[in-house]
Structure formats: structure tokens, C-alpha cells
Amino acid sequence: MSTDKQLTLPSSCFVVVPAFNEAPRIARTLESLLQVAQSVVVVDDGSADNTADVALRYPVWVLRHPVNLGAGAATQTGVSFALRQGAEYVATFDADGQHRAEDLPKLMQILLNNEANIVFGSRFLGRAIDMPFHRKAMLRVASAAVWILCGIWVTDVTTGLRLMDAKAARMIKITMNRFEHPVDLLHQVRVKKLRFAEGPATILYSTDSLRK
């Protein structure tokens with residue numbers, strides 16, 4: 001891993017980007033990711049627009065679902081593909097521009113320093129720019145609910161920014177296809193006794209991300 005000011009991910013770390021109707025935003029997301037990652041996998045989840053065509057302009061893998069299956073299914077497709085390519089680490093990253101690519105190498109350092117199997121990027125340990133108060137309150141309640149129901153405490157239940165080693169990527173099988181899949185993933189982390197950590201992340205809320 002680079003020790004320069006601009007930290008980067010090792011080539012053995014694949015970044016999975018589930019994408020549905022993200023043609024207006026995917027280019028900017030990929031341009032930022034390619035500054036820190038050599039191996040990027042876009043999973044076009046049955047988009048009705050030209051998301052896949054835009055992604056194909058960049059040096060990334062592009063996988064396609066013929067129909068929309070949901071963010072969970074697209075994430076699992078990308079993770080499975082990355083493992084087949086020999087990935088030693090797999091990250092997940094939202095396509096809509098709300099995440100910051102420079103957070104990924106920092107999460108890698110946290111994963112290695114804590115000898116963790118998976119690390120979650122948390123907006124509550126970092127920054128949530130233009131986050132509505134009601135959204136913040138809902139996520140706080142969600143963390144408490146997951147603690148009660150699943151017995152695992154994380155500050156940011158719904159984060160799409162994660163980084164895991166190959167052991168965790170092989171053991172976790174996302175079975176909930178849509179936006180409930182982060183809870184499914186957390187449940188599996190607890191049941192399978194994987195070591196986890198959290199790290200600060202910056203989340204930028206936009207009109208598009210709030211609408212979604």
C-alpha cells in the first residue's frame with residue numbers, strides 16, 4: 001500500500017459498485033475510485049438508462065443483471081465475481097456519489113490494524129454533510145433496533161461503505177436482495193463470529209441520494 005500522501009488500495013482489493021439508473025453520476029464516482037483503486041467492478045442492476053455504457057468507458061469490469069434484482073443481489077454478484085478473480089479484499093461503494101473514495105484506504109488501515117475481517121465506514125464517526133435531522137434520528141433508532149434484534153452494535157447500520165477480507169467475503173452470503181440487506185449482513189457477521197471494526201467516513205447527501 002502506498003505511503004504517499006494519496007493513499008491507495010492494493011491491487012488485490014476489488015471495489016464493488018452496485019448501480020441502478022446511475023448514468024448521470026457513475027462517471028464521477030468511477031473517476032474518483034480509480035484514483036485509489038486498480039480493481040473496480042460495476043454491477044449494473046437492470047438499469048433502464050445507459051449506466052453500463054457509461055461505466056464501459058472506464059478501465060473497470062462491468063457486470064449486468066438483465067432485470068433489477070436490488071442492491072443486495074447486485075452486491076452479492078459483485079463480491080462473488082471479485083472472489084473468482086482472486087480478490088484478497090473486497091470493498092463495497094455506492095454509485096451515486098455520496099461516498100468519498102479516499103476513505104477506502106483509511107478503512108483498509110483500520111482493518112489491518114485491528115486484525116478485523118470487516119470494517120464499516122460510519123458517517124457518525126466521520127461527517128454527514130447536509131444530512132436531514134429526521135434521517136439522523138431514524139438511523140440512530142435503526143442501530144438500537146439491530147442491537148436488540150441481532151445482538152450487534154454498530155453506529156451506522158445502513159452504510160454501503162464496507163471493506164472485508166476474503167474470509168468474510170466467502171462466509172457472508174447476502175440473501176436479502178433489496179435495501180434490507182445491510183441488516184442481513186450484520187446478522188451474519190455476528191452469527192459467524194467475524195471480527196469487525198468501524199471507521200470514520202464522509203457521506204454527502206444530495207437531492208438524488210435523499211430521493212433514493
# chains A, B, ... in the order shown; residues from 1 in each chain; ligands from 1
$ select_by_dssp --residues "stretch 81-163 of chain A" --states "helix (DSSP H, G or I)" --output "MDAnalysis selection string"
chainID A and resid 81:84 103:113 133:150
$ closest_atom_pairs --of "stretch 76-139 of chain A" --to "stretch 25-32 of chain A" --cutoff "7 Å" --atoms "only C-alpha atoms" --output "tab-separated table"
residue	atom	partner	partner_atom	distance
A:Ala95	CA	A:Ile26	CA	5.8
A:Asp96	CA	A:Arg25	CA	5.7
A:Gly97	CA	A:Thr29	CA	5.5
A:Ala101	CA	A:Ser32	CA	5.9
$ write_last_selection --atoms "C-alpha atoms" --output "PDB file, in the first residue's frame"
ATOM      1  CA  ALA A  95     -22.579   4.523  -7.166  1.00  0.00           C
ATOM      2  CA  ASP A  96     -24.425   7.783  -6.525  1.00  0.00           C
ATOM      3  CA  GLY A  97     -21.508   9.908  -5.352  1.00  0.00           C
ATOM      4  CA  ALA A 101     -13.030   7.244  -2.399  1.00  0.00           C
TER       5      ALA A 101
END
$ closest_residue --among "A:Met171, A:Leu186, A:Val79, A:Val54" --to "A:Thr158" --atoms "only C-alpha atoms"
A:Leu186
$ closest_residue --among "A:Leu204, A:Leu185, A:Ala23, A:Ile172" --to "A:Cys150" --atoms "only C-alpha atoms"
A:Leu185
$ closest_residue --among "A:Arg190, A:His181, A:Arg195, A:Arg170" --to "A:Ala82" --atoms "only C-alpha atoms"
A:Arg170
